[in-house]
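Just query.csv here, CSV, C-alpha atoms and all ligand atoms:
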```csv
chain,number,residue,atom,x,y,z
A,1218,MET,CA,96.7,21.8,177.1
A,1219,ASN,CA,95.6,25.4,176.9
A,1220,HIS,CA,93.8,27.8,179.3
A,1221,PHE,CA,91.2,30.0,177.8
A,1222,LEU,CA,91.6,33.1,180.0
A,1223,ASP,CA,91.1,36.0,177.7
A,1224,ILE,CA,90.8,36.9,174.0
A,1225,HIS,CA,93.9,39.1,174.1
A,1226,LYS,CA,95.9,36.3,175.7
A,1227,THR,CA,95.0,33.8,172.9
A,1228,ASP,CA,96.8,33.7,169.6
A,1229,PRO,CA,94.7,35.2,166.7
A,1230,SER,CA,95.3,32.1,164.6
A,1231,ASP,CA,93.9,30.0,167.5
A,1232,LEU,CA,90.9,32.3,167.9
A,1233,ARG,CA,90.2,31.9,164.2
A,1234,ALA,CA,90.6,28.1,164.4
A,1235,ILE,CA,88.1,28.1,167.3
A,1236,ILE,CA,85.5,30.1,165.3
A,1237,ASP,CA,86.0,27.9,162.3
A,1238,GLN,CA,85.6,24.7,164.5
A,1239,ALA,CA,82.4,26.2,166.0
A,1240,LYS,CA,81.0,26.8,162.5
A,1241,THR,CA,81.8,23.2,161.5
A,1242,THR,CA,80.4,21.4,164.5
A,1243,LYS,CA,77.3,23.6,164.4
A,1244,GLN,CA,76.8,22.8,160.7
A,1245,ALA,CA,77.3,19.1,161.4
A,1246,ARG,CA,74.2,19.0,163.7
A,1247,LEU,CA,72.0,21.2,161.5
A,1248,GLY,CA,68.4,19.9,161.8
A,1249,HIS,CA,69.3,18.2,165.1
A,1250,PRO,CA,70.3,21.1,167.3
A,1251,LYS,CA,69.4,19.4,170.5
A,1252,ALA,CA,70.5,15.8,169.8
A,1253,ALA,CA,72.1,14.4,172.9
A,1254,LEU,CA,75.4,13.5,171.3
A,1255,ASP,CA,77.7,14.9,168.5
A,1256,ASP,CA,79.0,12.4,165.9
A,1257,GLU,CA,82.5,13.0,167.4
A,1258,LEU,CA,82.9,12.8,171.1
A,1259,PRO,CA,86.1,14.7,172.1
A,1260,LEU,CA,85.1,14.8,175.7
A,1261,LYS,CA,84.3,11.1,176.1
A,1262,ASP,CA,85.2,9.9,179.6
A,1263,ARG,CA,86.0,13.5,180.6
A,1264,MET,CA,84.7,15.4,183.6
A,1265,VAL,CA,84.3,19.1,183.6
A,1266,ALA,CA,83.8,21.3,186.7
A,1267,LEU,CA,81.6,24.4,186.3
A,1268,ILE,CA,82.1,26.8,189.2
A,1269,PHE,CA,79.8,29.7,189.7
A,1270,GLU,CA,80.5,32.5,192.2
A,1271,LYS,CA,77.8,34.7,190.5
A,1272,PRO,CA,74.4,33.8,189.0
A,1273,SER,CA,74.1,32.5,185.4
A,1274,THR,CA,71.6,31.1,183.0
A,1275,ARG,CA,73.3,31.0,179.6
A,1276,THR,CA,76.9,30.2,180.7
A,1277,ARG,CA,75.7,27.4,183.0
A,1278,VAL,CA,73.3,25.8,180.6
A,1279,SER,CA,75.4,26.2,177.4
A,1280,PHE,CA,78.5,24.7,179.1
A,1281,ASP,CA,76.6,21.9,180.6
A,1282,VAL,CA,74.8,20.9,177.4
A,1283,GLY,CA,78.0,21.4,175.4
A,1284,VAL,CA,80.1,19.1,177.5
A,1285,ARG,CA,77.3,16.4,177.3
A,1286,GLN,CA,77.0,16.7,173.5
A,1287,MET,CA,80.7,16.1,173.3
A,1288,GLY,CA,80.4,12.9,175.4
A,1289,GLY,CA,81.6,14.3,178.7
A,1290,GLN,CA,80.1,14.8,182.1
A,1291,THR,CA,79.7,18.0,184.3
A,1292,MET,CA,79.7,18.9,187.9
A,1293,VAL,CA,78.1,22.3,188.6
A,1294,LEU,CA,79.5,23.8,191.8
A,1295,SER,CA,78.5,27.0,193.5
A,1296,GLY,CA,81.4,28.9,194.9
A,1297,LYS,CA,79.7,29.6,198.2
A,1298,ASP,CA,79.1,25.9,198.9
A,1299,MET,CA,82.8,25.1,198.3
A,1300,GLN,CA,85.6,25.5,200.8
A,1301,LEU,CA,86.9,28.1,198.3
A,1302,GLY,CA,84.2,30.4,199.8
A,1303,HIS,CA,85.3,29.5,203.4
A,1304,GLY,CA,89.0,30.3,203.4
A,1305,GLU,CA,90.7,27.5,201.4
A,1306,THR,CA,93.2,29.0,199.0
A,1307,ILE,CA,92.6,29.2,195.3
A,1308,ALA,CA,96.0,27.4,194.7
A,1309,ASP,CA,95.0,24.5,196.9
A,1310,THR,CA,91.5,24.3,195.3
A,1311,ALA,CA,93.1,24.2,191.8
A,1312,ARG,CA,95.5,21.4,192.8
A,1313,VAL,CA,92.7,19.3,194.4
A,1314,LEU,CA,90.3,19.8,191.5
A,1315,SER,CA,93.1,18.8,189.0
A,1316,ARG,CA,93.1,15.4,190.6
A,1317,TYR,CA,89.4,14.8,189.9
A,1318,VAL,CA,88.4,16.7,186.8
A,1319,ASP,CA,89.8,17.2,183.3
A,1320,MET,CA,88.8,20.9,182.8
A,1321,ILE,CA,87.5,23.8,185.0
A,1322,MET,CA,85.3,26.6,183.9
A,1323,ILE,CA,84.9,29.4,186.5
A,1324,ARG,CA,82.7,32.5,186.8
A,1325,THR,CA,84.1,34.7,189.5
A,1326,PHE,CA,84.5,38.3,190.7
A,1327,ASP,CA,88.2,39.3,190.9
A,1328,GLU,CA,90.1,38.1,187.9
A,1329,THR,CA,93.1,37.1,190.1
A,1330,VAL,CA,90.9,34.1,191.2
A,1331,LEU,CA,90.8,33.0,187.6
A,1332,THR,CA,94.5,33.6,186.9
A,1333,GLU,CA,95.6,31.9,190.2
A,1334,MET,CA,93.4,29.0,189.4
A,1335,ALA,CA,95.1,28.6,186.0
A,1336,GLU,CA,98.5,29.0,187.5
A,1337,TYR,CA,98.1,26.1,189.9
A,1338,SER,CA,95.8,23.9,187.9
A,1339,ASP,CA,97.1,20.9,185.9
A,1340,VAL,CA,94.0,21.0,183.7
A,1341,PRO,CA,92.7,23.7,181.4
A,1342,VAL,CA,90.8,26.6,183.0
A,1343,ILE,CA,88.2,28.6,181.1
A,1344,ASN,CA,87.0,32.2,182.0
A,1345,GLY,CA,83.2,32.1,182.3
A,1346,LEU,CA,83.2,35.9,183.3
A,1347,THR,CA,85.0,38.0,185.8
A,1348,ASP,CA,84.5,41.6,186.9
A,1349,ARG,CA,86.9,42.5,184.1
A,1350,THR,CA,86.2,40.4,181.1
A,1351,HIS,CA,83.8,37.9,179.4
A,1352,PRO,CA,85.7,36.2,176.5
A,1353,CYS,CA,83.4,33.2,175.8
A,1354,GLN,CA,80.6,35.7,175.1
A,1355,ILE,CA,82.5,37.6,172.5
A,1356,MET,CA,83.6,34.3,170.8
A,1357,ALA,CA,79.9,33.6,170.4
A,1358,ASP,CA,79.3,37.2,169.2
A,1359,VAL,CA,82.0,37.0,166.5
A,1360,LEU,CA,80.6,33.7,165.3
A,1361,THR,CA,77.1,35.2,165.2
A,1362,TYR,CA,78.2,38.3,163.3
A,1363,GLU,CA,80.0,36.2,160.7
A,1364,GLU,CA,77.1,33.9,160.2
A,1365,HIS,CA,74.9,36.8,159.4
A,1366,ARG,CA,77.2,39.2,157.6
A,1367,GLY,CA,80.5,37.4,156.7
A,1368,PRO,CA,84.0,38.3,158.0
A,1369,ILE,CA,84.0,40.8,160.9
A,1370,LYS,CA,87.5,42.1,159.9
A,1371,GLY,CA,87.4,45.7,159.0
A,1372,LYS,CA,83.8,46.3,160.3
A,1373,LYS,CA,82.7,49.1,162.6
A,1374,VAL,CA,81.3,47.9,166.0
A,1375,VAL,CA,79.7,50.4,168.4
A,1376,TRP,CA,79.5,49.7,172.1
A,1377,ALA,CA,76.8,51.9,173.7
A,1378,GLY,CA,76.7,52.3,177.5
A,1379,ASP,CA,79.0,51.1,180.3
A,1380,GLY,CA,82.6,50.3,179.3
A,1381,ASN,CA,82.3,47.1,181.4
A,1382,ASN,CA,83.6,43.5,181.3
A,1383,VAL,CA,81.8,42.5,178.1
A,1384,CYS,CA,83.0,45.8,176.4
A,1385,ALA,CA,86.5,44.9,177.5
A,1386,SER,CA,86.4,41.5,175.7
A,1387,PHE,CA,85.0,43.3,172.6
A,1388,LEU,CA,88.0,45.6,172.7
A,1389,HIS,CA,90.3,42.5,172.9
A,1390,ALA,CA,88.5,40.9,170.0
A,1391,ALA,CA,88.8,44.2,168.0
A,1392,GLY,CA,92.6,43.8,168.2
A,1393,GLN,CA,92.7,40.1,167.6
A,1394,PHE,CA,90.1,39.8,164.8
A,1395,GLY,CA,90.9,43.2,163.2
A,1396,PHE,CA,87.7,45.3,163.5
A,1397,ASP,CA,87.2,48.9,164.7
A,1398,LEU,CA,85.4,49.8,167.9
A,1399,THR,CA,83.7,53.0,168.9
A,1400,PHE,CA,82.7,53.4,172.5
A,1401,THR,CA,79.8,55.8,173.3
A,1402,GLY,CA,79.0,56.4,176.9
A,1403,PRO,CA,79.7,58.7,179.8
A,1404,ALA,CA,83.4,59.5,180.6
A,1405,GLN,CA,83.0,58.0,184.1
A,1406,LEU,CA,82.3,54.6,182.5
A,1407,ASP,CA,84.9,54.6,179.8
A,1408,PRO,CA,86.6,51.2,179.1
A,1409,GLU,CA,90.0,50.7,180.7
A,1410,GLU,CA,92.8,52.6,179.1
A,1411,GLU,CA,95.0,49.5,179.1
A,1412,PHE,CA,92.5,47.6,176.9
A,1413,ILE,CA,92.0,50.5,174.5
A,1414,GLY,CA,95.8,50.7,174.2
A,1415,LEU,CA,96.0,46.9,173.4
A,1416,ALA,CA,93.4,47.2,170.6
A,1417,ARG,CA,95.1,50.2,169.1
A,1418,LYS,CA,98.5,48.6,169.3
A,1419,ALA,CA,97.1,45.6,167.4
A,1420,GLY,CA,96.0,48.0,164.6
A,1421,SER,CA,92.3,48.5,165.3
A,1422,LYS,CA,90.8,52.0,165.3
A,1423,VAL,CA,89.3,52.7,168.7
A,1424,THR,CA,87.2,55.9,169.0
A,1425,ILE,CA,85.5,57.4,172.0
A,1426,GLU,CA,82.5,59.5,171.0
A,1427,ARG,CA,80.2,61.0,173.7
A,1428,ASP,CA,77.4,61.7,171.2
A,1429,ALA,CA,75.6,58.4,170.6
A,1430,PHE,CA,74.1,59.5,167.3
A,1431,LYS,CA,77.5,60.5,165.9
A,1432,ALA,CA,79.0,57.3,167.2
A,1433,VAL,CA,76.7,55.0,165.3
A,1434,GLU,CA,77.2,56.6,161.9
A,1435,GLY,CA,78.4,53.9,159.5
A,1436,ALA,CA,78.1,51.2,162.2
A,1437,ASP,CA,77.8,47.6,161.1
A,1438,LEU,CA,77.0,46.4,164.6
A,1439,ILE,CA,75.6,48.0,167.8
A,1440,VAL,CA,76.1,46.3,171.1
A,1441,ALA,CA,74.5,47.1,174.5
A,1442,ASP,CA,74.7,45.5,177.9
A,1443,THR,CA,73.1,46.0,181.3
A,1444,TRP,CA,73.7,49.3,183.0
A,1445,VAL,CA,74.4,47.6,186.4
A,1446,SER,CA,76.6,44.6,186.3
A,1447,MET,CA,76.6,41.8,188.8
A,1448,HIS,CA,79.8,43.2,190.5
A,1449,ASP,CA,78.3,46.8,190.6
A,1450,SER,CA,76.8,47.9,193.9
A,1451,GLN,CA,73.0,48.3,193.8
A,1452,SER,CA,73.4,51.7,195.5
A,1453,SER,CA,75.0,53.0,192.4
A,1454,LYS,CA,72.0,52.0,190.3
A,1455,GLU,CA,70.2,55.4,190.1
A,1456,ARG,CA,73.4,57.3,189.4
A,1457,ARG,CA,74.4,54.9,186.7
A,1458,HIS,CA,70.9,55.0,185.1
A,1459,ASN,CA,71.0,58.8,185.0
A,1460,MET,CA,74.4,58.9,183.3
A,1461,LEU,CA,73.5,56.1,180.8
A,1462,ARG,CA,70.0,57.1,179.8
A,1463,PRO,CA,71.3,59.1,176.7
A,1464,TYR,CA,72.9,55.8,175.5
A,1465,GLN,CA,69.8,53.7,175.3
A,1466,VAL,CA,69.6,51.7,172.0
A,1467,ASN,CA,66.2,52.5,170.5
A,1468,ASP,CA,64.7,52.7,167.0
A,1469,ASP,CA,66.0,56.2,166.5
A,1470,LEU,CA,69.6,55.2,167.3
A,1471,MET,CA,69.4,52.0,165.1
A,1472,ALA,CA,68.1,54.2,162.2
A,1473,ALA,CA,71.3,56.3,162.4
A,1474,ALA,CA,73.5,53.3,161.8
A,1475,LYS,CA,74.0,51.4,158.5
A,1476,PRO,CA,70.6,50.1,157.2
A,1477,ASP,CA,71.9,46.5,157.6
A,1478,ALA,CA,73.5,47.0,161.0
A,1479,LEU,CA,72.9,44.2,163.5
A,1480,PHE,CA,72.0,44.6,167.2
A,1481,MET,CA,73.6,42.4,169.9
A,1482,HIS,CA,73.2,42.1,173.7
A,1483,CYS,CA,74.8,39.3,175.7
A,1484,LEU,CA,71.7,39.0,177.9
A,1485,PRO,CA,70.2,39.2,180.5
A,1486,ALA,CA,68.7,42.5,179.2
A,1487,HIS,CA,66.6,45.0,181.1
A,1488,ARG,CA,63.9,45.9,178.5
A,1489,GLU,CA,63.3,49.7,178.1
A,1490,GLU,CA,66.5,50.5,180.0
A,1491,GLU,CA,69.6,49.9,178.0
A,1492,VAL,CA,67.6,48.8,175.0
A,1493,THR,CA,63.9,49.0,173.9
A,1494,SER,CA,61.8,45.9,173.3
A,1495,ALA,CA,61.2,47.2,169.7
A,1496,VAL,CA,65.0,46.9,169.0
A,1497,MET,CA,65.4,43.6,170.9
A,1498,ASP,CA,62.5,42.0,169.1
A,1499,GLY,CA,63.1,43.8,165.8
A,1500,PRO,CA,64.6,42.6,162.5
A,1501,GLN,CA,68.1,43.8,163.2
A,1502,SER,CA,68.4,42.0,166.5
A,1503,VAL,CA,70.4,38.7,166.7
A,1504,ILE,CA,70.3,38.3,170.5
A,1505,PHE,CA,68.9,34.8,170.6
A,1506,ASP,CA,71.4,33.6,167.9
A,1507,GLU,CA,74.1,34.9,170.2
A,1508,ALA,CA,72.7,33.0,173.1
A,1509,GLU,CA,72.6,29.8,171.0
A,1510,ASN,CA,76.1,30.4,169.7
A,1511,ARG,CA,77.5,30.4,173.3
A,1512,LEU,CA,77.0,26.6,173.0
A,1513,HIS,CA,78.8,26.2,169.7
A,1514,ALA,CA,81.6,28.6,170.4
A,1515,GLN,CA,82.3,27.1,173.8
A,1516,LYS,CA,82.4,23.6,172.5
A,1517,ALA,CA,85.1,24.7,170.2
A,1518,VAL,CA,86.9,26.5,173.0
A,1519,MET,CA,86.8,23.3,175.2
A,1520,ARG,CA,88.2,21.2,172.3
A,1521,TRP,CA,91.0,23.7,171.8
A,1522,CYS,CA,91.8,23.7,175.5
A,1523,LEU,CA,92.3,19.9,175.4
A,1524,GLY,CA,94.6,20.3,172.4
A,1525,GLY,CA,92.1,19.4,169.7
A,1601,LIG,N1,75.5,36.3,178.8
A,1601,LIG,C1,75.7,35.6,179.9
A,1601,LIG,O1,76.9,35.2,180.2
A,1601,LIG,O2,74.6,35.1,180.5
A,1601,LIG,P1,74.5,34.4,181.9
A,1601,LIG,O3,74.9,35.5,182.9
A,1601,LIG,O4,73.1,34.0,182.0
A,1601,LIG,O5,75.4,33.2,181.9
A,1602,LIG,N1,78.1,42.9,182.3
A,1602,LIG,C1,77.2,41.9,182.8
A,1602,LIG,C2,77.3,40.7,181.9
A,1602,LIG,C3,76.4,39.6,182.3
A,1602,LIG,C4,76.5,38.4,181.4
A,1602,LIG,C5,77.6,41.5,184.2
A,1602,LIG,O1,78.8,41.3,184.5
A,1602,LIG,O2,76.8,41.4,185.1
```

Please express what this file holds, its structure, as structure tokens.
Ligand code: CP
Ligand code: NVA
Amino acid sequence: MNHFLDIHKTDPSDLRAIIDQAKTTKQARLGHPKAALDDELPLKDRMVALIFEKPSTRTRVSFDVGVRQMGGQTMVLSGKDMQLGHGETIADTARVLSRYVDMIMIRTFDETVLTEMAEYSDVPVINGLTDRTHPCQIMADVLTYEEHRGPIKGKKVVWAGDGNNVCASFLHAAGQFGFDLTFTGPAQLDPEEEFIGLARKAGSKVTIERDAFKAVEGADLIVADTWVSMHDSQSSKERRHNMLRPYQVNDDLMAAAKPDALFMHCLPAHREEEVTSAVMDGPQSVIFDEAENRLHAQKAVMRWCLGG
């Protein structure tokens, strides 16, 4: 069994195998995207717990549908309704859940909740987002890029805005999949040094460029995310917006990248804030393919977790 905790903690050959598996299973159901069951049922007779300590639309629905398509069943649990939210330790929760279910997906705040859950669980644990990272999203994004433009290796990805949890997983992916990443945003919101270092150590070129227009020169992909994440305080909203406004992805910024550059956003988006509707709904945007690919990528992740 394998835990899927983070992209930099997963072997590059396993990551590649997961992406290839996702392409294969997606292809196998072409023309029947919503059919209830896959031809193969690797999760037959398996139960998966989906724990949410933060809101979710895509992660919740894509994991739920994915498990069912693979023949398994799900149990969606809200952190606040569990004893976990009322003082029971994570270690005890992990040991108990391991007696009932075959796999645990958790979306939480502090990443130590995730790592402790994995340490004490006898079944695979999957990171469905923490304050620090969001690996399932970036597996879907790599799949999406490659479906549209071929191998992501050697490409230039530009992250515009807050160096947040989704940006962190993009940095991890840069190192593991071999692409370059330019961050453009205010210095106060730079990605963590540790993650920049990891990507550089793995051989990818990581650049920090304060001028958004310079940053996107030669970009193959531009990525944005919300300016205020779920773990950020609402009182910081105005300050963050003021800092981040020069990094909005709009038609002018897209025009400064390569003509065939793609635009991605993990969603939910705040239209006319981090990105304009013209870009979101424009020809370079692949945001809804990303959302669909959460399903296909995570099915492959779950298969890998169970040793498949
Ligand atoms: N992108 C993403 O994880 O969306 P949700 O918060 O809706 O799950
Ligand atoms: N950075 C965002 C991503 C949501 C999917 C957040 O953590 O709220």

- [ ] Might you pull out every residue within 9 Å of Asp1339 (chain A), with all atoms listed in the file counted and same-chain residues fewer than 6 positions away left off, and present them as a list in words?
- [x] Met1218, Ala1311, Arg1312, Leu1314, Ser1315, Arg1316, Asp1319 and Met1320 of chain A

Save the residues we just selected, C-alpha atoms, as an mmCIF file, keeping the file's coordinate frame?
```
data_model
loop_
_atom_site.group_PDB
_atom_site.id
_atom_site.type_symbol
_atom_site.label_atom_id
_atom_site.label_comp_id
_atom_site.auth_asym_id
_atom_site.auth_seq_id
_atom_site.Cartn_x
_atom_site.Cartn_y
_atom_site.Cartn_z
ATOM 1 C CA MET A 1218 96.700 21.800 177.100
ATOM 2 C CA ALA A 1311 93.100 24.200 191.800
ATOM 3 C CA ARG A 1312 95.500 21.400 192.800
ATOM 4 C CA LEU A 1314 90.300 19.800 191.500
ATOM 5 C CA SER A 1315 93.100 18.800 189.000
ATOM 6 C CA ARG A 1316 93.100 15.400 190.600
ATOM 7 C CA ASP A 1319 89.800 17.200 183.300
ATOM 8 C CA MET A 1320 88.800 20.900 182.800
#
```

Open item on the list: I need the residue nearest ligand LIG 1602 (chain A) from this list: A:Asp1449, A:Glu1305, A:Glu1257, A:Glu1270. Use all atoms listed in the file for the distance.
Closed with: A:Asp1449

- [ ] Excluding region 1224-1240 of chain A and any residue of its chain fewer than 3 positions from it, enumerate the residues within 9 Å of it, using only C-alpha atoms, and give them as an NGL selection string.
- [x] :A and (1220-1221 or 1243-1245 or 1351-1353 or 1355-1357 or 1359-1360 or 1364 or 1386-1390 or 1392-1394 or 1415-1416 or 1510 or 1512-1518 or 1520-1521)

Open item on the list: To check your reading of the model: which residues sit at most 8 Å from ligand LIG 1601 (chain A) when counting all atoms listed in the file? Write the answer as a list in words.
Closed with: Pro1272, Ser1273, Thr1274, Arg1275, Thr1276, Arg1277, Val1278, Gly1345, Leu1346, His1351, Gln1354, Cys1483, Leu1484, Pro1485 and Ala1508 of chain A

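With only C-alpha atoms as the atoms that count, the residue of A:Lys1370, A:Asp1256, A:Leu1222, A:Thr1241 with the shortest distance to Ile1321 (chain A) is A:Leu1222.
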
Task: Selection within 7 Å of ligand LIG 1602 (chain A) by only C-alpha atoms and all ligand atoms, output as a VMD selection string - done: chain A and resid 1348 1381 to 1383 1442 to 1443 1445 to 1448 1483 to 1485
